[in-house]
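> Quick one: this structure, given as structure tokens, is what I'll be asking you about.
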Amino acid sequence: MPINVEFAGREYPPQAAYEVSREKIREFAVAVGATHPAHTDPSAAQALGYPDVIATPTFAVLVAQRAEAQLIEDPAAGIDFSRVVHAEERFVHHRPIHAGDRLVTVLHVDSVVERAGLAMVTTRAEIADDAGTPVATVISTLAVRGVDE
Amino acid sequence: MTAARPELSGLEVGQEIGRRTIAVERGTLVRYAGAGGDFNPIHYNDVVARGVGLPGVIAHGMFTMGAAIELVADWAGDPGAILEYGVRFTRPVPVPNPGAARIEVTGVIGALDPDAGTVRIDLAVEFEGAKVLGKAQAVVRLR
């Protein structure tokens, strides 16, 4: 099934909150080779003015991915995941994510563009805390190869 | 451990902030798969990877992105000072077995914005002399 360009402009309802733990922040930091103590030592994070340990700059991908799954796993969108290549990723941090955050994400499908057998799908995950204050915006572009004719 | 934090007034466009080598082994990818929740088999199974036209297992693009920014986080002295970070994924990084792929990261001051109190760092991220991340840029708040 071809990609459904009519999905552009769609917005998904907020999902259940993602609860950020110290241990997940630590696990992710170790996995990307981050060694700054603000990721593992609450007192080091507090010395920089944060309430608890803070996440590394790309941690928000974990939260965004859950929201993006709503689109990718929707059969009506026509996205064949075996043909998907990650093309671009961009994070805008309104404030650092910290342990104890309860993050609520709203996914927007910003564009679906087809050109030369390739569909570019750009999503924007707007991540806020449970008070509704913006925390991060994650913009992701997937390139989906068309079926060989 | 308190490293000296860079000050905007002492910086110039074009100045290098540092460079480092990231060694990536198969075990590095297994760890990232678990932490990052990305279990696509092209990141651990050579048969699957070759089946989709890759030379073998490749690193997660998000691993490379996440590892490359650490140069900037350490330079800034505060990982929370990174306000924006974006990349394009331009080439895969094949990871041998056994052994390690070596990704070279260099950071340069791309722009200064004294009014906003921010600096843009441009990252060159290369494997075997070819760029693996394109337009890799981070905006960092300095005091």
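As shown in the structure tokens, the chain order sets the letters A, B, ...; within each chain, residues go from 1, and ligands are also counted from 1 in the order they appear.
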For chain A, work out the contacting residues on chain B at 8 Å, counting only C-alpha atoms, and write them as a list in words.
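Going by the stated atoms only, the list reads Thr28, Arg31, Tyr32, Ala35, Gly36, Gly37, Gly61, Met62, Phe63, Thr64, Met65, Gly66, Ala67, Ile69, Glu70, Ala73, Asp74, Asp78, Pro79, Gly80, Ile82, Leu83, Glu84, Tyr85, Gly86, Val87, Arg88, Phe89 and Thr90 of chain B.
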> When you look at Val119 of chain B with a cut-off of 6 Å (counting only C-alpha atoms), what residues show up, excluding the ones that are within fewer than 5 positions of it in the same chain? I need them as a PyMOL selection string.
chain B and resi 111-113+139-140
> Pull N, CA and C atoms from the residues just selected and write them as a PDB file, in the first residue's frame.

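New file result-v3.pdb:
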ATOM      1  N   ALA B 111      28.793  29.912  15.046  1.00  0.00           N
ATOM      2  CA  ALA B 111      28.198  31.250  15.138  1.00  0.00           C
ATOM      3  C   ALA B 111      28.109  31.657  16.601  1.00  0.00           C
ATOM      4  N   LEU B 112      28.151  32.965  16.822  1.00  0.00           N
ATOM      5  CA  LEU B 112      28.002  33.517  18.173  1.00  0.00           C
ATOM      6  C   LEU B 112      26.820  34.468  18.180  1.00  0.00           C
ATOM      7  N   ASP B 113      26.007  34.388  19.219  1.00  0.00           N
ATOM      8  CA  ASP B 113      24.882  35.312  19.360  1.00  0.00           C
ATOM      9  C   ASP B 113      24.942  35.927  20.763  1.00  0.00           C
ATOM     10  N   VAL B 139      23.011  24.288  19.498  1.00  0.00           N
ATOM     11  CA  VAL B 139      22.988  25.635  20.076  1.00  0.00           C
ATOM     12  C   VAL B 139      23.139  25.496  21.586  1.00  0.00           C
ATOM     13  N   VAL B 140      24.122  26.211  22.134  1.00  0.00           N
ATOM     14  CA  VAL B 140      24.479  26.069  23.543  1.00  0.00           C
ATOM     15  C   VAL B 140      24.360  27.424  24.240  1.00  0.00           C
TER      16      VAL B 140
END
> Which distance in Å separates atom CA of Gln15 of chain B and atom CA of Ile109 of chain B, to one decimal?
5.4 Å
> DSSP on the backbone: which residues in segment 56-98 of chain A end up as strand (DSSP E or B)? Give the answer as a ChimeraX atom specification.
/A:84-93,98
> Pull N, CA and C atoms from the residues just selected and write them as a PDB file, in the first residue's frame.

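Once written, part31.pdb looks like this:
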ATOM      1  N   VAL A  84      11.972   1.755   5.868  1.00  0.00           N
ATOM      2  CA  VAL A  84      12.184   3.067   6.465  1.00  0.00           C
ATOM      3  C   VAL A  84      13.661   3.296   6.794  1.00  0.00           C
ATOM      4  N   VAL A  85      14.157   4.485   6.473  1.00  0.00           N
ATOM      5  CA  VAL A  85      15.482   4.924   6.892  1.00  0.00           C
ATOM      6  C   VAL A  85      15.295   6.243   7.637  1.00  0.00           C
ATOM      7  N   HIS A  86      15.993   6.366   8.764  1.00  0.00           N
ATOM      8  CA  HIS A  86      15.922   7.607   9.532  1.00  0.00           C
ATOM      9  C   HIS A  86      16.749   8.663   8.794  1.00  0.00           C
ATOM     10  N   ALA A  87      16.128   9.765   8.412  1.00  0.00           N
ATOM     11  CA  ALA A  87      16.824  10.771   7.596  1.00  0.00           C
ATOM     12  C   ALA A  87      17.327  11.957   8.426  1.00  0.00           C
ATOM     13  N   GLU A  88      16.508  12.440   9.331  1.00  0.00           N
ATOM     14  CA  GLU A  88      16.890  13.623  10.125  1.00  0.00           C
ATOM     15  C   GLU A  88      16.286  13.533  11.517  1.00  0.00           C
ATOM     16  N   GLU A  89      16.959  14.156  12.469  1.00  0.00           N
ATOM     17  CA  GLU A  89      16.427  14.241  13.836  1.00  0.00           C
ATOM     18  C   GLU A  89      16.867  15.574  14.432  1.00  0.00           C
ATOM     19  N   ARG A  90      15.950  16.183  15.164  1.00  0.00           N
ATOM     20  CA  ARG A  90      16.279  17.482  15.746  1.00  0.00           C
ATOM     21  C   ARG A  90      15.557  17.635  17.083  1.00  0.00           C
ATOM     22  N   PHE A  91      16.299  18.113  18.078  1.00  0.00           N
ATOM     23  CA  PHE A  91      15.745  18.332  19.414  1.00  0.00           C
ATOM     24  C   PHE A  91      15.804  19.822  19.740  1.00  0.00           C
ATOM     25  N   VAL A  92      14.704  20.325  20.278  1.00  0.00           N
ATOM     26  CA  VAL A  92      14.711  21.669  20.861  1.00  0.00           C
ATOM     27  C   VAL A  92      14.320  21.476  22.332  1.00  0.00           C
ATOM     28  N   HIS A  93      15.219  21.876  23.210  1.00  0.00           N
ATOM     29  CA  HIS A  93      14.964  21.705  24.647  1.00  0.00           C
ATOM     30  C   HIS A  93      14.495  23.021  25.246  1.00  0.00           C
ATOM     31  N   HIS A  98      14.381  16.026  33.584  1.00  0.00           N
ATOM     32  CA  HIS A  98      15.021  15.530  34.806  1.00  0.00           C
ATOM     33  C   HIS A  98      14.231  14.374  35.403  1.00  0.00           C
TER      34      HIS A  98
END
> Considering only C-alpha atoms, state which residue in the set B:Asp38, B:Ala76, B:Arg141, B:Val48 is at the smallest distance from Asp115 of chain B.
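The answer is B:Arg141, which sits nearest to Asp115 of chain B.
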> Could you give me, as a list in words, the residues within 8 Å of Trp75 of chain B, counting only C-alpha atoms and dropping anything in the same chain fewer than 3 positions from it?
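My reading of the contact set: Arg5, Pro6, Ile17, Gly18, Leu71 and Val72 of chain B.
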> Print the selection's residues with C-alpha atoms to a file, as a JSON list (two decimals), in the first residue's frame.

[["chain", "number", "residue", "atom", "x", "y", "z"],
["B", 5, "ARG", "CA", 33.06, 26.85, 31.75],
["B", 6, "PRO", "CA", 33.65, 28.64, 28.44],
["B", 17, "ILE", "CA", 36.38, 23.32, 20.82],
["B", 18, "GLY", "CA", 37.88, 19.84, 20.74],
["B", 71, "LEU", "CA", 32.03, 16.50, 23.10],
["B", 72, "VAL", "CA", 29.85, 19.61, 23.33]]
> So how many Å separate atom CA of Glu114 of chain A and atom CA of Ala67 of chain A, to one decimal?
22.7 Å
> For Asp101 of chain A, find every residue with an atom within 8 Å (counting only C-alpha atoms), except residues of its own chain fewer than 5 positions away, and show them as JSON, numbers by chain.
{"A": [18, 19, 20, 21, 129, 130]}
> Can you spit out the residues from that selection as a JSON list (two decimals), in the first residue's frame, using C-alpha atoms?

[["chain", "number", "residue", "atom", "x", "y", "z"],
["A", 18, "TYR", "CA", 6.20, 8.83, 30.40],
["A", 19, "GLU", "CA", 7.68, 8.72, 33.90],
["A", 20, "VAL", "CA", 11.38, 9.62, 33.89],
["A", 21, "SER", "CA", 13.51, 7.70, 36.40],
["A", 129, "ASP", "CA", 5.33, 18.16, 31.79],
["A", 130, "ASP", "CA", 2.18, 17.24, 33.66]]
> B:Pro41, B:Val108, B:Val52, B:Gly134: which is nearest Asp122 of chain B, counting only C-alpha atoms?
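Residue with the minimum atom-to-atom distance to Asp122 of chain B: B:Val108.
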> For Ser111 of chain A, which of A:Leu142, A:Ile127, A:Ala17, A:Ala99 is the closest residue, counting only C-alpha atoms?
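Nearest to Ser111 of chain A: A:Leu142.
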> Could you pull out all residues of chain B with a DSSP call of helix (DSSP H, G or I) and give them as a PyMOL selection string?
chain B and resi 8-10+26-36+41-43+46-51+61-68+70-76+79-81
